[in-house]
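Shown here: my_file.txt, compact mmCIF, C-alpha atoms and all ligand atoms.
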# COMPACT_ATOMS: atom_id res chain seq x y z
CA MET A 62 -13.62 -58.29 19.36
CA ASN A 63 -16.44 -59.36 17.05
CA GLN A 64 -16.68 -56.56 14.48
CA GLU A 65 -19.88 -58.02 12.96
CA ARG A 66 -22.27 -56.88 15.66
CA THR A 67 -24.27 -53.89 14.54
CA LEU A 68 -27.22 -51.83 15.71
CA ASN A 69 -28.79 -51.92 12.24
CA GLY A 70 -32.30 -53.33 12.27
CA LYS A 71 -32.55 -52.94 16.05
CA ARG A 72 -35.25 -51.23 18.08
CA ILE A 73 -33.90 -49.01 20.83
CA LEU A 74 -35.65 -47.31 23.71
CA VAL A 75 -33.84 -44.17 24.82
CA THR A 76 -34.87 -42.35 28.00
CA GLY A 77 -33.97 -38.69 28.51
CA GLY A 78 -33.21 -38.43 24.80
CA LEU A 79 -33.91 -34.70 24.70
CA GLY A 80 -31.02 -33.97 27.06
CA CYS A 81 -27.44 -33.36 26.00
CA ILE A 82 -26.05 -36.88 25.81
CA GLY A 83 -29.35 -38.43 24.74
CA SER A 84 -29.84 -35.96 21.86
CA ASN A 85 -26.33 -36.47 20.59
CA PHE A 86 -26.65 -40.24 20.95
CA ILE A 87 -29.93 -40.35 19.04
CA HIS A 88 -28.58 -38.17 16.23
CA TYR A 89 -25.42 -40.30 16.11
CA ILE A 90 -27.10 -43.70 15.86
CA LEU A 91 -29.87 -42.57 13.49
CA GLU A 92 -27.31 -41.18 11.09
CA LYS A 93 -24.98 -44.16 11.33
CA TYR A 94 -27.57 -46.96 11.15
CA PRO A 95 -30.28 -46.39 8.54
CA GLY A 96 -32.21 -49.47 9.67
CA ILE A 97 -32.44 -48.57 13.33
CA HIS A 98 -35.67 -47.54 15.10
CA VAL A 99 -35.57 -45.23 18.13
CA THR A 100 -38.28 -44.50 20.70
CA ASN A 101 -37.46 -41.62 23.01
CA VAL A 102 -39.23 -41.05 26.35
CA ASP A 103 -38.53 -37.69 27.93
CA VAL A 104 -40.46 -35.45 30.31
CA ARG A 105 -39.06 -32.29 28.64
CA GLN A 106 -38.00 -30.69 31.90
CA PHE A 107 -36.46 -27.65 30.22
CA GLY A 108 -39.67 -26.65 28.45
CA PHE A 109 -40.95 -27.02 24.95
CA VAL A 110 -39.08 -24.87 22.47
CA PRO A 111 -35.51 -26.24 22.29
CA HIS A 112 -36.79 -29.76 22.40
CA HIS A 113 -39.36 -29.06 19.74
CA MET A 114 -36.50 -28.08 17.42
CA HIS A 115 -34.95 -31.53 17.87
CA GLU A 116 -38.24 -33.19 17.29
CA GLN A 117 -38.89 -31.52 13.97
CA THR A 118 -35.47 -32.45 12.61
CA LEU A 119 -35.66 -36.04 13.74
CA LYS A 120 -39.24 -36.76 12.71
CA LYS A 121 -38.68 -35.50 9.20
CA LYS A 122 -35.64 -37.65 8.55
CA TYR A 123 -35.69 -40.85 10.54
CA ARG A 124 -37.48 -43.83 12.06
CA TYR A 125 -38.01 -42.01 15.30
CA ASN A 126 -40.87 -41.91 17.79
CA TYR A 127 -41.21 -39.56 20.74
CA ILE A 128 -43.25 -40.20 23.89
CA HIS A 129 -43.67 -37.25 26.19
CA GLY A 130 -43.83 -38.16 29.84
CA ASP A 131 -42.33 -39.04 33.18
CA LEU A 132 -40.88 -42.54 33.56
CA CYS A 133 -42.41 -42.72 37.02
CA HIS A 134 -45.93 -42.62 35.56
CA PRO A 135 -47.02 -46.20 34.79
CA ARG A 136 -49.09 -44.99 31.81
CA VAL A 137 -45.97 -43.59 30.15
CA LEU A 138 -44.06 -46.84 30.50
CA THR A 139 -47.06 -48.87 29.38
CA ASN A 140 -47.22 -46.71 26.28
CA ALA A 141 -43.48 -47.05 25.64
CA PHE A 142 -43.41 -50.81 26.19
CA GLY A 143 -46.63 -51.38 24.27
CA GLY A 144 -45.33 -52.74 20.94
CA ASP A 145 -43.26 -55.83 20.26
CA GLY A 146 -40.42 -54.59 22.42
CA PHE A 147 -36.86 -53.38 22.20
CA ASP A 148 -33.49 -54.97 21.64
CA TYR A 149 -31.76 -52.29 23.68
CA ILE A 150 -32.64 -49.72 26.33
CA VAL A 151 -30.33 -46.76 26.93
CA HIS A 152 -31.26 -44.94 30.11
CA PHE A 153 -30.11 -41.31 30.27
CA ALA A 154 -33.10 -39.68 31.99
CA ALA A 155 -32.04 -37.94 35.19
CA GLU A 156 -31.71 -34.74 37.08
CA SER A 157 -28.13 -34.24 35.91
CA HIS A 158 -27.13 -31.02 37.66
CA ASN A 159 -25.55 -30.95 41.11
CA SER A 160 -26.88 -27.48 41.83
CA ARG A 161 -30.46 -28.35 40.92
CA ALA A 162 -30.27 -31.51 43.04
CA GLU A 163 -28.93 -29.42 45.91
CA LYS A 164 -31.86 -27.07 45.54
CA ASP A 165 -34.55 -29.72 45.01
CA PRO A 166 -33.34 -33.09 46.33
CA GLU A 167 -36.81 -34.63 46.15
CA ARG A 168 -36.91 -34.08 42.43
CA ALA A 169 -33.44 -35.64 42.13
CA VAL A 170 -34.66 -38.70 44.06
CA HIS A 171 -37.71 -38.90 41.80
CA ASN A 172 -35.86 -38.50 38.48
CA ASN A 173 -32.74 -40.44 39.38
CA ILE A 174 -33.80 -43.23 41.72
CA SER A 175 -37.56 -43.72 41.29
CA ALA A 176 -37.47 -43.38 37.50
CA THR A 177 -34.60 -45.89 37.25
CA LEU A 178 -36.40 -48.32 39.51
CA ALA A 179 -39.61 -48.01 37.47
CA LEU A 180 -37.70 -48.71 34.26
CA LEU A 181 -35.83 -51.71 35.71
CA GLU A 182 -39.04 -53.15 37.07
CA ARG A 183 -40.75 -52.80 33.70
CA ALA A 184 -37.74 -54.39 31.96
CA ARG A 185 -37.88 -57.31 34.40
CA GLN A 186 -41.59 -57.82 33.71
CA VAL A 187 -41.28 -57.93 29.92
CA MET A 188 -38.22 -60.18 29.76
CA GLY A 189 -39.24 -63.44 28.19
CA MET A 190 -42.79 -62.23 27.58
CA LYS A 191 -44.43 -63.88 24.57
CA GLY A 192 -44.31 -61.64 21.51
CA TRP A 193 -41.59 -59.45 22.98
CA ARG A 194 -38.15 -59.16 21.46
CA THR A 195 -35.26 -60.47 23.55
CA LEU A 196 -33.88 -57.56 25.51
CA GLN A 197 -30.13 -57.69 24.88
CA ARG A 198 -28.83 -54.78 26.92
CA LEU A 199 -30.08 -52.12 29.33
CA LEU A 200 -27.39 -49.48 29.54
CA TYR A 201 -27.37 -47.13 32.53
CA THR A 202 -25.38 -43.87 32.42
CA SER A 203 -23.86 -43.42 35.84
CA THR A 204 -21.15 -40.91 36.67
CA CYS A 205 -17.55 -40.67 37.89
CA GLU A 206 -18.95 -38.69 40.82
CA VAL A 207 -20.31 -41.81 42.54
CA TYR A 208 -16.76 -42.74 43.59
CA GLY A 209 -16.34 -39.65 45.76
CA GLU A 210 -13.52 -37.14 45.48
CA GLN A 211 -9.76 -37.32 45.02
CA GLU A 212 -7.04 -34.94 46.14
CA LEU A 213 -5.39 -32.49 43.78
CA GLY A 214 -1.72 -33.14 42.96
CA ASP A 215 0.34 -35.65 41.00
CA ALA A 216 -0.01 -38.56 43.43
CA VAL A 217 -3.61 -39.27 42.42
CA ARG A 218 -4.74 -42.86 41.84
CA PRO A 219 -7.48 -42.85 39.19
CA PHE A 220 -10.74 -44.56 40.15
CA VAL A 221 -11.22 -48.11 38.86
CA GLU A 222 -14.55 -49.87 38.41
CA GLY A 223 -14.13 -52.05 41.52
CA ASP A 224 -13.61 -49.11 43.86
CA PRO A 225 -16.22 -48.58 46.57
CA LEU A 226 -18.81 -45.89 45.93
CA CYS A 227 -18.47 -42.92 48.23
CA PRO A 228 -20.86 -40.23 46.94
CA ARG A 229 -20.86 -36.89 48.75
CA THR A 230 -23.50 -34.66 47.13
CA LYS A 231 -27.24 -35.10 46.78
CA TYR A 232 -26.88 -35.62 43.02
CA ASN A 233 -24.09 -38.17 43.47
CA ILE A 234 -26.02 -40.04 46.14
CA THR A 235 -29.08 -40.43 43.90
CA LYS A 236 -26.90 -41.55 40.99
CA ALA A 237 -25.06 -44.04 43.21
CA ALA A 238 -28.35 -45.44 44.52
CA ALA A 239 -29.61 -45.96 40.98
CA ASP A 240 -26.26 -47.46 39.96
CA GLN A 241 -26.55 -50.02 42.78
CA MET A 242 -30.19 -50.68 41.96
CA VAL A 243 -29.17 -51.54 38.39
CA GLN A 244 -26.65 -54.02 39.79
CA VAL A 245 -29.33 -55.65 41.94
CA TYR A 246 -31.61 -56.13 38.92
CA SER A 247 -28.72 -57.65 37.01
CA ARG A 248 -27.68 -60.00 39.79
CA ASP A 249 -31.06 -60.99 41.22
CA HIS A 250 -33.41 -60.74 38.24
CA GLY A 251 -31.14 -61.37 35.25
CA VAL A 252 -31.86 -58.03 33.59
CA PRO A 253 -29.05 -57.69 31.02
CA THR A 254 -27.49 -54.48 32.31
CA ILE A 255 -24.29 -52.59 31.65
CA ILE A 256 -23.26 -49.48 33.60
CA SER A 257 -21.10 -46.69 32.21
CA ARG A 258 -19.52 -44.30 34.71
CA CYS A 259 -18.55 -41.25 32.76
CA SER A 260 -16.54 -38.12 33.42
CA ASN A 261 -17.82 -34.59 32.68
CA ILE A 262 -19.39 -34.27 29.24
CA TYR A 263 -19.44 -31.25 26.97
CA GLY A 264 -20.64 -30.58 23.43
CA LYS A 265 -23.61 -29.31 21.50
CA TYR A 266 -27.22 -29.59 22.74
CA GLN A 267 -26.18 -28.99 26.36
CA ALA A 268 -28.60 -26.79 28.30
CA PRO A 269 -26.82 -23.49 29.03
CA GLU A 270 -26.37 -24.22 32.72
CA LYS A 271 -23.24 -26.42 32.83
CA LEU A 272 -19.78 -24.87 32.92
CA ILE A 273 -18.97 -24.80 29.19
CA SER A 274 -22.47 -24.31 27.76
CA LYS A 275 -23.16 -21.56 30.27
CA ALA A 276 -19.83 -19.86 29.56
CA ALA A 277 -20.80 -19.85 25.88
CA ARG A 278 -24.20 -18.37 26.63
CA ASP A 279 -22.72 -15.74 28.94
CA LEU A 280 -20.13 -14.82 26.36
CA PHE A 281 -22.58 -14.39 23.50
CA SER A 282 -25.22 -12.64 25.59
CA GLY A 283 -22.87 -10.19 27.29
CA GLU A 284 -23.12 -11.66 30.82
CA ARG A 285 -20.10 -12.11 33.07
CA MET A 286 -18.89 -15.71 33.48
CA THR A 287 -18.81 -17.08 36.99
CA LEU A 288 -15.97 -18.98 38.63
CA TYR A 289 -15.72 -20.46 42.08
CA LYS A 290 -13.11 -19.21 44.49
CA ALA A 291 -11.75 -22.77 44.40
CA SER A 292 -11.41 -22.63 40.62
CA ASP A 293 -8.43 -25.01 40.64
CA HIS A 294 -10.71 -28.03 41.14
CA LEU A 295 -10.22 -30.45 38.27
CA ARG A 296 -12.66 -32.21 35.97
CA GLU A 297 -11.93 -34.78 33.27
CA TRP A 298 -13.63 -33.52 30.10
CA THR A 299 -14.97 -36.01 27.56
CA HIS A 300 -16.53 -34.83 24.31
CA VAL A 301 -20.11 -36.02 23.91
CA LEU A 302 -19.38 -37.73 20.58
CA ASP A 303 -16.59 -39.77 22.18
CA LYS A 304 -19.13 -40.73 24.84
CA CYS A 305 -21.65 -41.74 22.13
CA ARG A 306 -19.05 -43.96 20.47
CA ALA A 307 -18.27 -45.54 23.84
CA LEU A 308 -21.95 -46.28 24.49
CA GLU A 309 -22.37 -47.75 21.00
CA LEU A 310 -19.42 -50.06 21.72
CA LEU A 311 -20.87 -51.11 25.06
CA LEU A 312 -24.22 -51.94 23.43
CA THR A 313 -22.59 -54.16 20.83
CA HIS A 314 -19.58 -55.54 22.73
CA GLY A 315 -19.90 -54.77 26.46
CA ALA A 316 -20.06 -57.69 28.88
CA LEU A 317 -23.35 -58.15 30.72
CA GLY A 318 -23.42 -57.14 34.37
CA GLU A 319 -20.21 -55.12 34.02
CA VAL A 320 -19.31 -51.52 34.85
CA TYR A 321 -17.13 -49.43 32.50
CA ASN A 322 -15.45 -46.13 33.26
CA ILE A 323 -15.42 -43.65 30.37
CA GLY A 324 -12.96 -40.78 30.61
CA SER A 325 -10.75 -38.92 28.17
CA GLY A 326 -7.84 -38.31 30.58
CA GLU A 327 -8.09 -34.60 29.69
CA GLU A 328 -8.24 -32.85 33.06
CA ARG A 329 -8.76 -29.10 33.18
CA SER A 330 -9.69 -26.77 36.03
CA ALA A 331 -12.77 -24.55 35.80
CA GLU A 332 -10.44 -21.57 35.45
CA GLN A 333 -8.58 -23.18 32.54
CA VAL A 334 -11.89 -23.99 30.86
CA VAL A 335 -13.32 -20.48 31.19
CA LYS A 336 -10.06 -18.90 30.02
CA GLY A 337 -10.04 -21.37 27.13
CA VAL A 338 -13.53 -20.22 26.14
CA LEU A 339 -12.42 -16.60 26.29
CA GLY A 340 -9.29 -17.44 24.29
CA ILE A 341 -11.30 -19.02 21.48
CA SER A 342 -13.57 -16.07 21.26
CA SER A 343 -11.23 -13.25 22.23
CA ARG A 344 -11.74 -11.41 18.98
CA GLU A 345 -15.49 -11.56 19.52
CA VAL A 346 -15.11 -10.44 23.14
CA ASP A 347 -12.90 -7.50 22.20
CA ALA A 348 -15.19 -6.41 19.41
CA ARG A 349 -18.32 -6.53 21.53
CA TYR A 350 -17.20 -5.47 24.95
CA GLY A 351 -13.75 -3.93 24.58
CA GLY A 352 -11.75 -6.51 26.69
CA PRO A 353 -9.74 -7.22 28.79
CA GLU A 354 -10.75 -10.81 29.45
CA GLU A 355 -10.52 -10.59 33.24
CA ASN A 356 -13.44 -8.18 33.29
CA PHE A 357 -15.70 -10.96 32.11
CA ILE A 358 -15.06 -13.33 35.01
CA GLU A 359 -16.89 -12.99 38.30
CA ILE A 360 -15.65 -14.97 41.31
CA VAL A 361 -18.44 -16.46 43.45
CA ASP A 362 -18.49 -18.66 46.55
CA GLY A 363 -18.45 -22.42 46.04
CA ARG A 364 -21.35 -24.71 46.83
CA ARG A 365 -21.33 -27.30 49.58
CA GLY A 366 -19.69 -30.57 48.61
CA HIS A 367 -17.91 -29.20 45.56
CA ASP A 368 -15.56 -32.13 45.07
CA LYS A 369 -11.97 -31.42 44.12
CA ARG A 370 -11.46 -34.03 41.50
CA TYR A 371 -12.68 -37.27 39.87
CA LEU A 372 -10.13 -38.90 37.57
CA LEU A 373 -11.03 -42.23 35.98
CA LYS A 374 -8.93 -45.12 34.80
CA SER A 375 -10.65 -46.13 31.57
CA SER A 376 -8.49 -49.06 30.48
CA LYS A 377 -11.39 -51.54 30.68
CA ILE A 378 -13.36 -49.91 27.86
CA GLN A 379 -10.11 -49.18 26.02
CA GLN A 380 -9.53 -52.94 25.93
CA LEU A 381 -12.81 -53.24 24.00
CA GLY A 382 -11.37 -50.86 21.40
CA TRP A 383 -12.52 -47.39 22.52
CA LYS A 384 -10.34 -44.38 22.78
CA PRO A 385 -11.21 -40.68 22.77
CA GLU A 386 -10.82 -39.14 19.32
CA ILE A 387 -11.49 -35.48 20.08
CA SER A 388 -8.86 -33.44 21.94
CA PHE A 389 -10.14 -30.98 24.52
CA GLU A 390 -8.86 -27.97 22.57
CA ASP A 391 -10.55 -29.09 19.32
CA GLY A 392 -13.75 -30.10 21.10
CA LEU A 393 -13.97 -26.85 23.04
CA ARG A 394 -13.46 -24.74 19.91
CA GLU A 395 -16.08 -26.70 17.95
CA THR A 396 -18.55 -26.48 20.86
CA ILE A 397 -18.17 -22.72 21.34
CA LEU A 398 -18.62 -22.17 17.62
CA TRP A 399 -21.76 -24.32 17.70
CA TYR A 400 -23.22 -22.08 20.43
CA ALA A 401 -22.26 -19.01 18.41
CA ASP A 402 -24.09 -20.42 15.38
CA ASN A 403 -27.14 -21.74 17.24
CA ARG A 404 -28.29 -18.79 19.24
CA PRO A 405 -32.05 -19.49 18.86
CA TRP A 406 -31.50 -22.92 20.42
CA TRP A 407 -29.94 -21.75 23.70
CA GLU A 408 -31.92 -18.52 23.88
CA ALA A 409 -35.09 -20.59 24.02
CA PHE A 410 -34.14 -22.09 27.40
CA PRO A 411 -35.72 -20.50 30.44
CA PRO A 412 -33.14 -18.19 32.04
CA VAL A 413 -31.14 -19.92 34.77
CA ASP A 414 -28.93 -18.15 37.24
CA LEU A 415 -27.91 -20.95 39.55
CA GLU A 416 -24.40 -19.64 40.11
CA ARG A 417 -25.36 -16.30 41.55
CA SER A 418 -27.39 -17.96 44.30
CA LYS A 419 -23.99 -17.95 45.88
CA ALA A 420 -23.56 -20.30 48.81
CA ILE A 421 -24.99 -23.53 47.43
CA LEU A 422 -24.89 -23.39 43.68
CA SER A 423 -22.29 -24.25 41.07
CA PRO A 424 -21.85 -24.16 37.31
CA VAL A 425 -19.87 -27.42 37.35
CA SER A 426 -22.09 -30.47 37.43
N1 LIG A 501 -23.54 -34.25 31.58
C1 LIG A 501 -22.52 -34.85 32.20
O1 LIG A 501 -21.44 -34.27 32.35
C2 LIG A 501 -22.69 -36.27 32.72
C3 LIG A 501 -21.56 -36.95 33.17
C4 LIG A 501 -21.72 -38.26 33.63
C5 LIG A 501 -22.97 -38.86 33.65
N2 LIG A 501 -24.06 -38.16 33.21
C6 LIG A 501 -25.36 -38.82 33.22
O2 LIG A 501 -25.75 -39.02 31.88
C7 LIG A 501 -27.18 -38.89 31.76
C8 LIG A 501 -27.53 -37.84 30.72
O3 LIG A 501 -26.94 -36.61 31.10
P1 LIG A 501 -27.27 -35.26 30.31
O4 LIG A 501 -26.14 -34.35 30.58
O5 LIG A 501 -27.64 -35.58 28.92
O6 LIG A 501 -28.54 -34.75 31.13
P2 LIG A 501 -29.60 -33.66 30.73
O7 LIG A 501 -29.99 -32.98 31.98
O8 LIG A 501 -29.12 -32.83 29.58
O9 LIG A 501 -30.83 -34.52 30.20
C9 LIG A 501 -31.59 -35.33 31.04
C10 LIG A 501 -32.95 -35.55 30.35
O10 LIG A 501 -33.70 -36.45 31.16
C11 LIG A 501 -35.06 -36.03 31.13
N3 LIG A 501 -35.71 -36.54 32.35
C12 LIG A 501 -35.38 -36.26 33.64
N4 LIG A 501 -36.17 -36.92 34.48
C13 LIG A 501 -37.05 -37.63 33.72
C14 LIG A 501 -38.13 -38.51 34.02
N5 LIG A 501 -38.50 -38.76 35.29
N6 LIG A 501 -38.79 -39.09 32.99
C15 LIG A 501 -38.46 -38.83 31.69
N7 LIG A 501 -37.44 -37.99 31.36
C16 LIG A 501 -36.74 -37.40 32.36
C17 LIG A 501 -34.99 -34.50 31.08
O11 LIG A 501 -36.17 -33.92 30.55
C18 LIG A 501 -33.77 -34.27 30.19
O12 LIG A 501 -34.14 -34.09 28.83
C19 LIG A 501 -27.69 -38.56 33.16
O13 LIG A 501 -28.12 -39.75 33.75
C20 LIG A 501 -26.47 -38.01 33.87
O14 LIG A 501 -26.54 -38.22 35.26
C21 LIG A 501 -23.94 -36.88 32.74
Could I get this structure in the form of structure tokens?
Ligand SMILES: NC(=O)c1ccc[n+]([C@@H]2O[C@H](COP(=O)([O-])OP(=O)(O)OC[C@H]3O[C@@H](n4cnc5c(N)ncnc54)[C@H](O)[C@@H]3O)[C@@H](O)[C@H]2O)c1
Amino acid sequence: MNQERTLNGKRILVTGGLGCIGSNFIHYILEKYPGIHVTNVDVRQFGFVPHHMHEQTLKKKYRYNYIHGDLCHPRVLTNAFGGDGFDYIVHFAAESHNSRAEKDPERAVHNNISATLALLERARQVMGMKGWRTLQRLLYTSTCEVYGEQELGDAVRPFVEGDPLCPRTKYNITKAAADQMVQVYSRDHGVPTIISRCSNIYGKYQAPEKLISKAARDLFSGERMTLYKASDHLREWTHVLDKCRALELLLTHGALGEVYNIGSGEERSAEQVVKGVLGISSREVDARYGGPEENFIEIVDGRRGHDKRYLLKSSKIQQLGWKPEISFEDGLRETILWYADNRPWWEAFPPVDLERSKAILSPVS
């Protein structure tokens, strides 16, 4: 592996950089590479306040530019692509929640398929344009969920990159369509793409509507945590900073046109996760609400298409030199403490109660 390649001095376009992975990625690269320049395009779908907090921190410290808008609006892309170009594009923007996509599939199609197509088309148009930098990589963040589901039990065969896509939910279908669209633009138009298919992410800056971030919010605001009846379904949990390191490696060393699975191997059921959250904060729970833990868990019906499991084989990116550095126990503890310390951040989100709309909604994305 060529250790010389660096992101220093590069110009990077990030889409969806106010979301969980995008925020962490931007913070990570700005801190690591003093010479880097980041432009972030995001429609700010969760409202103004939490995102404004990011903005203020970033603008004060770094070479960072924010463009507010929807990737599907040509004016927004024209604005973003207006200068002398980018060396890298990292595309996070999406409707990332299964339950929201279930509720509003048109929006999922818009944010996941149409926005990706608009970005690919714009990338194709500027490639080789006079005065534009040479675009080296366009990195698309797909998901483990595009492969479909696996059975519970020890006989599981982890998904490999060459497996057929077999998406089963509205979110997964839109992500799989975009994933395939990226491959078409690589194959037919020479856009220099790489796809990462990642397992469930957790960490700071996650809107309080996914399993762990919502459990933290419920805990610290005195709400009961929700669990599906089928709470034994497994997810592979990767800490967002391990994901950021993987994406950095793919930008500098990933092979063009390739797909890379990114998973920690750390599978936990929703029940184990929620009990882990309660375990970390049991003293806090007891002090505030008088225990026992079981009183703080509410069992709700599952949503349609709640897949049992998605376990990835991640040896391809491991061969490039990546491995997860943060154990689930350490990462969960650090994340819950971050939510405890950053109450104004998650309190500023509009209240969401997707889980209690029983039949179709889920806290696990
Ligand atoms: N969170 C996970 O567990 C996970 C796992 C695997 C893959 N992914 C993928 O990684 C990416 C980032 O996930 P996340 O968890 O950070 O999501 P997120 O929901 O936290 O953030 C997505 C961001 O995209 C922005 N956005 C949505 N549509 C847009 C549009 N049309 N134009 C401009 N901005 C738009 C939103 O405002 C939001 O800030 C997504 O593509 C998601 O599908 C996420």
**Fill in**
note - atom CA of Gln106 of chain A and atom CA of Val75 of chain A are separated by 15.8 Å
**Prompt:** Hey, which residues come within 8 Å of ligand LIG 501 (chain A) if we count only C-alpha atoms and all ligand atoms? Could you give them as a PyMOL selection string?
**Reply:** chain A and resi 76-84+102-107+129-133+152-158+171-173+175-176+201-206+236+258-263+266-268+271+426
**Request:** Compile the contact shell of segment 244-257 of chain A as an MDAnalysis selection string: residues with an atom at most 10 Å away, counting only C-alpha atoms, same-chain residues fewer than 3 positions apart removed.
**Result:** chainID A and resid 149:152 178 181:182 184:186 188 196:205 222 238:241 260 304 307:308 311:312 315:323 378
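In terms of minimum interatomic distance to Gln211 of chain A, A:Leu295 ranks closest within A:Ala409, A:Ile97, A:Ala169, A:Leu295, counting all atoms listed in the file.
Between atom CA of Arg329 of chain A and atom CA of Arg306 of chain A the interatomic distance comes to 22.1 Å.
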So that I can check the surroundings of Pro95 of chain A, please list as a PDB file with C-alpha atoms, keeping the file's coordinate frame every protein, DNA and RNA residue that reaches within 10 Å of it, counting only C-alpha atoms and ignoring chain neighbours fewer than 6 positions away.
ATOM      1  CA  LEU A  68     -27.220 -51.830  15.710  1.00  0.00           C
ATOM      2  CA  ASN A  69     -28.790 -51.920  12.240  1.00  0.00           C
ATOM      3  CA  GLY A  70     -32.300 -53.330  12.270  1.00  0.00           C
ATOM      4  CA  TYR A 123     -35.690 -40.850  10.540  1.00  0.00           C
ATOM      5  CA  ARG A 124     -37.480 -43.830  12.060  1.00  0.00           C
TER       6      ARG A 124
END
**Top pick for closest residue to Thr195 of chain A, considering A:Ile397, A:Ile73, A:Val217, A:Ala276 and counting only C-alpha atoms** = A:Ile73
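Ranking A:Gly144, A:Gly214, A:Gly324, A:Gly264 by their shortest atom-to-atom distance to Phe86 of chain A, with all atoms listed in the file included, puts A:Gly264 first.
When all atoms listed in the file are used to measure the gap to Asn233 of chain A, the shortest distance among A:Pro269, A:Gly189, A:Gly209, A:Pro405 belongs to A:Gly209.
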**Asked** Could you name the residues that touch segment 381-395 of chain A at 7 Å or less, counting only C-alpha atoms, but leaving out those on the same chain fewer than 2 positions away, as an NGL selection string?
**Response** :A and (62 or 300 or 303 or 307 or 325 or 327 or 341 or 378-379 or 397-399)
**Request:** Report the distance between atom CA of Gly337 of chain A and atom CA of Asp279 of chain A in Å, rounded to one decimal place.
**Result:** 14.0 Å
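Residue nearest Lys377 of chain A, chosen from A:Phe220, A:Tyr125, A:Phe147, A:Tyr208 and counting only C-alpha atoms: A:Phe220.
The closest residue to Glu163 of chain A, picked from A:Phe142, A:Tyr232, A:Tyr94, A:Tyr127 and counting all atoms listed in the file, is A:Tyr232.
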**Request:** Show which residues sit within 8 Å of Ile360 of chain A, as a ChimeraX atom specification. Count only C-alpha atoms, and ignore same-chain residues fewer than 5 positions away.
**Result:** /A:287-290
